[in-house]
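**Q** Below you'll find the structure I mean.
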Amino acid sequence: MENVHILSHPLIQHKLTQIRQKDTPTGQFRQLINEIAGLMVYEMTRDLPVKDIPIETPVTKATGHVIAGKKLVIVPILRAGLGMVDGILQLIPTARVGHIGIFRNEETLMPQEYFAKLPNDIAQREVYIVDPMLATGGSAIAAINAVKKRGATQVKLICLVGAPEGVAAIQQAHPDVPLYLAALDEKLNEHGYIVPGLGDAGDRIFGTK
């Protein structure tokens, strides 16, 4: 699948298996979500451009390497996406954090934005939209629409678990947006849940199940 990246690192898969299990307690689930998000971003950023800068160590002058290019903003889709933010910030503490809230309109059954707070300079930043689950893709498409409407041109979508239906929807609506998954699951069931999935990520992160 073009522009879809499955991050199959053994540590990611090990931790993903733990959060899939129904008896994993809330605290451990929350911690593992953050750890997986951090590992995914570590894998995603291995090709970031770097530039040389002169530095001075306690011993001598030398040349160091720092990340070049645009700065980063993390945009969780409320509320479950919040569970992935801290894991990314541990690796990239200078990143800005925006927020987007999406709900399903009961009359039109379409995703609708109800909240958006993003950096004013989002057009100059690389945007990482994060949400643990990619089911139908409706919320993710609405979130991508929201950041693009505000000027974002470099957007990536990061989800832990995706269904083929959601992947296809993203590819059709936003073929320019790379999608990163820890796992591509089998399907959606008749209730719209990912199979085998991991249940309702928001409820499991915040202990509201």
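Labeling convention for the structure tokens: chains A, B, ... as they appear, residues from 1 per chain, ligands from 1 in order of appearance.
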Compile the contact shell of Ile6 in chain A as a list in words: residues with an atom at most 12 Å away, counting only C-alpha atoms, same-chain residues fewer than 3 positions apart removed.

**A**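 Near neighbours after the sequence-gap exclusion: Met1, Glu2, Asn3, His9, Ile12, Gln13, Met40, Glu43, Met44, Ile158, Cys159, Leu160, Val161, Gly162, Val167, Pro178, Leu179, Tyr180, Leu181, Ala182, Ala183, Leu184 and Asp185 of chain A.
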
**Q** Using the selection just defined, write its residues with C-alpha atoms as a PDB file, in the first residue's frame.

**A**
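Written file, selection-v1.pdb:
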```pdb
ATOM      1  CA  MET A   1       0.000   0.000   0.000  1.00  0.00           C
ATOM      2  CA  GLU A   2       1.443   3.294  -1.101  1.00  0.00           C
ATOM      3  CA  ASN A   3       2.318   5.777   1.651  1.00  0.00           C
ATOM      4  CA  HIS A   9       9.910  -3.319  15.398  1.00  0.00           C
ATOM      5  CA  ILE A  12       6.525  -2.161  19.325  1.00  0.00           C
ATOM      6  CA  GLN A  13       4.911  -5.530  18.622  1.00  0.00           C
ATOM      7  CA  MET A  40       6.974   4.733  16.580  1.00  0.00           C
ATOM      8  CA  GLU A  43      11.376   4.831  13.878  1.00  0.00           C
ATOM      9  CA  MET A  44       9.663   7.536  11.825  1.00  0.00           C
ATOM     10  CA  ILE A 158       0.207   8.119  13.383  1.00  0.00           C
ATOM     11  CA  CYS A 159      -2.117   5.392  14.710  1.00  0.00           C
ATOM     12  CA  LEU A 160      -1.418   2.251  16.707  1.00  0.00           C
ATOM     13  CA  VAL A 161      -3.968  -0.035  15.093  1.00  0.00           C
ATOM     14  CA  GLY A 162      -5.743   0.418  11.773  1.00  0.00           C
ATOM     15  CA  VAL A 167      -6.567   2.942   5.529  1.00  0.00           C
ATOM     16  CA  PRO A 178       1.882   9.278   5.041  1.00  0.00           C
ATOM     17  CA  LEU A 179       0.217   6.855   7.457  1.00  0.00           C
ATOM     18  CA  TYR A 180       2.181   5.055  10.171  1.00  0.00           C
ATOM     19  CA  LEU A 181       0.704   2.043  11.973  1.00  0.00           C
ATOM     20  CA  ALA A 182       1.954  -0.407  14.555  1.00  0.00           C
ATOM     21  CA  ALA A 183      -0.451  -2.975  13.104  1.00  0.00           C
ATOM     22  CA  LEU A 184      -2.907  -3.330  10.231  1.00  0.00           C
ATOM     23  CA  ASP A 185      -5.725  -5.471  11.576  1.00  0.00           C
TER      24      ASP A 185
END
```

**Q** Write out as a tab-separated table the residues of range 58-95 of chain A that have any atom within 10 Å of an atom of range 152-157 of chain A, one row each with the nearest atom pair and its distance in Å to one decimal, counting only C-alpha atoms, sorted by chain and then rising number.

**A**
```
residue	atom	partner	partner_atom	distance
A:Lys70	CA	A:Gln154	CA	9.3
A:Leu72	CA	A:Gln154	CA	9.8
A:Val73	CA	A:Val155	CA	9.7
A:Ile74	CA	A:Lys156	CA	9.8
A:Val75	CA	A:Leu157	CA	9.5
A:Pro76	CA	A:Leu157	CA	10.0
```

**Q** Save out the residues we just selected, all heavy atoms, as a short mmCIF file (atom, residue, chain, number, x, y, z; two decimals), in the first residue's frame.

**A**
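Printed below is result_32.cif as written:
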```cif
data_model
loop_
_atom_site.label_atom_id
_atom_site.label_comp_id
_atom_site.auth_asym_id
_atom_site.auth_seq_id
_atom_site.Cartn_x
_atom_site.Cartn_y
_atom_site.Cartn_z
N LYS A 70 11.98 21.85 9.26
CA LYS A 70 10.83 22.43 9.95
C LYS A 70 10.64 21.84 11.34
O LYS A 70 10.98 20.68 11.60
CB LYS A 70 9.57 22.22 9.11
CG LYS A 70 9.62 22.94 7.77
CD LYS A 70 8.30 22.82 7.02
CE LYS A 70 8.35 23.61 5.73
NZ LYS A 70 7.09 23.56 4.99
N LEU A 72 8.23 20.75 14.71
CA LEU A 72 7.16 19.76 14.80
C LEU A 72 6.02 20.25 15.69
O LEU A 72 6.24 20.91 16.70
CB LEU A 72 7.73 18.46 15.37
CG LEU A 72 6.76 17.32 15.66
CD1 LEU A 72 6.16 16.79 14.38
CD2 LEU A 72 7.47 16.20 16.40
N VAL A 73 4.80 19.92 15.30
CA VAL A 73 3.65 20.08 16.18
C VAL A 73 2.90 18.74 16.24
O VAL A 73 2.65 18.11 15.21
CB VAL A 73 2.71 21.22 15.73
CG1 VAL A 73 2.23 21.03 14.32
CG2 VAL A 73 1.51 21.34 16.67
N ILE A 74 2.60 18.30 17.46
CA ILE A 74 1.83 17.08 17.67
C ILE A 74 0.37 17.48 17.86
O ILE A 74 0.07 18.36 18.66
CB ILE A 74 2.32 16.33 18.92
CG1 ILE A 74 3.84 16.11 18.87
CG2 ILE A 74 1.59 15.01 19.08
CD1 ILE A 74 4.44 15.78 20.23
N VAL A 75 -0.52 16.84 17.12
CA VAL A 75 -1.94 17.18 17.20
C VAL A 75 -2.73 15.91 17.53
O VAL A 75 -3.05 15.12 16.64
CB VAL A 75 -2.44 17.81 15.88
CG1 VAL A 75 -3.93 18.17 16.01
CG2 VAL A 75 -1.63 19.04 15.53
N PRO A 76 -3.04 15.69 18.81
CA PRO A 76 -3.89 14.55 19.16
C PRO A 76 -5.35 14.83 18.81
O PRO A 76 -5.83 15.96 18.95
CB PRO A 76 -3.72 14.44 20.68
CG PRO A 76 -3.39 15.83 21.12
CD PRO A 76 -2.59 16.44 20.00
#
```

**Q** Please identify the strand (DSSP E or B) residues within range 13-183 of chain A (assignment by DSSP from backbone atoms) and present them as JSON, numbers by chain.

**A** {"A": [50, 51, 52, 53, 54, 55, 56, 61, 62, 63, 64, 65, 66, 67, 71, 72, 73, 74, 75, 76, 77, 78, 96, 97, 99, 100, 101, 102, 103, 104, 111, 112, 113, 114, 115, 116, 117, 125, 126, 127, 128, 129, 130, 133, 134, 154, 155, 156, 157, 158, 159, 160, 161, 162, 179, 180, 181, 182, 183]}

**Q** Excluding Phe206 in chain A and its own-chain neighbours fewer than 4 positions away, which residues fall within 8 Å of it when counting only C-alpha atoms? Please give them as a list in words.

**A**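 Neighbouring residues, sequence-local ones excluded: Thr26, Arg30 and Gly202 of chain A.
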
**Q** Can you build me a table of range 107-147 of chain A residues sitting at most 10 Å from range 90-96 of chain A, with the closest atom pair per residue and its distance in Å to one decimal, using only C-alpha atoms, sorted by chain and residue number, as a Markdown table?

**A**
```
| residue | atom | partner | partner_atom | distance |
| --- | --- | --- | --- | --- |
| A:Leu118 | CA | A:Arg96 | CA | 8.8 |
| A:Pro119 | CA | A:Arg96 | CA | 7.4 |
| A:Ile122 | CA | A:Arg96 | CA | 9.6 |
| A:Arg125 | CA | A:Arg96 | CA | 9.4 |
| A:Glu126 | CA | A:Ala95 | CA | 9.9 |
| A:Val127 | CA | A:Arg96 | CA | 9.6 |
```

**Q** Hey, which of A:Gly137, A:Asn145, A:Lys187, A:Arg150 ends up closest to Gly166 in chain A? Count only C-alpha atoms.

**A**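 Among the listed residues, the smallest separation from Gly166 in chain A belongs to A:Gly137.
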
**Q** Identify, on the basis of only C-alpha atoms, every residue whose closest approach to Ile19 in chain A does not exceed 10 Å; exclude the query and any residue fewer than 2 positions from it along the same chain; express the result as an MDAnalysis selection string.

**A** chainID A and resid 14:17 21:26 28:33 36 197:199 201 204

**Q** Compile the contact shell of Glu165 in chain A as a PyMOL selection string: residues with an atom at most 9 Å away, counting only C-alpha atoms, same-chain residues fewer than 5 positions apart removed.

**A** chain A and resi 134-137+170+187-188

**Q** Write out as an MDAnalysis selection string the residues lying within 12 Å of Ile53 in chain A, counting only C-alpha atoms and excluding same-chain residues fewer than 6 positions away.

**A** chainID A and resid 61:68

**Q** From the options A:Lys51, A:Arg79, A:His191, A:Lys71, which residue's atoms come nearest to Met133 in chain A, counting only C-alpha atoms?

**A**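 Looking only at the distances to Met133 in chain A, the closest residue turns out to be A:Arg79.
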
**Q** So, counting only C-alpha atoms, which residue among A:Ile77, A:Ala140, A:Ile55, A:Leu11 is closest to Gly38 in chain A?

**A**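 Counting only C-alpha atoms, the residue closest to Gly38 in chain A is A:Leu11.
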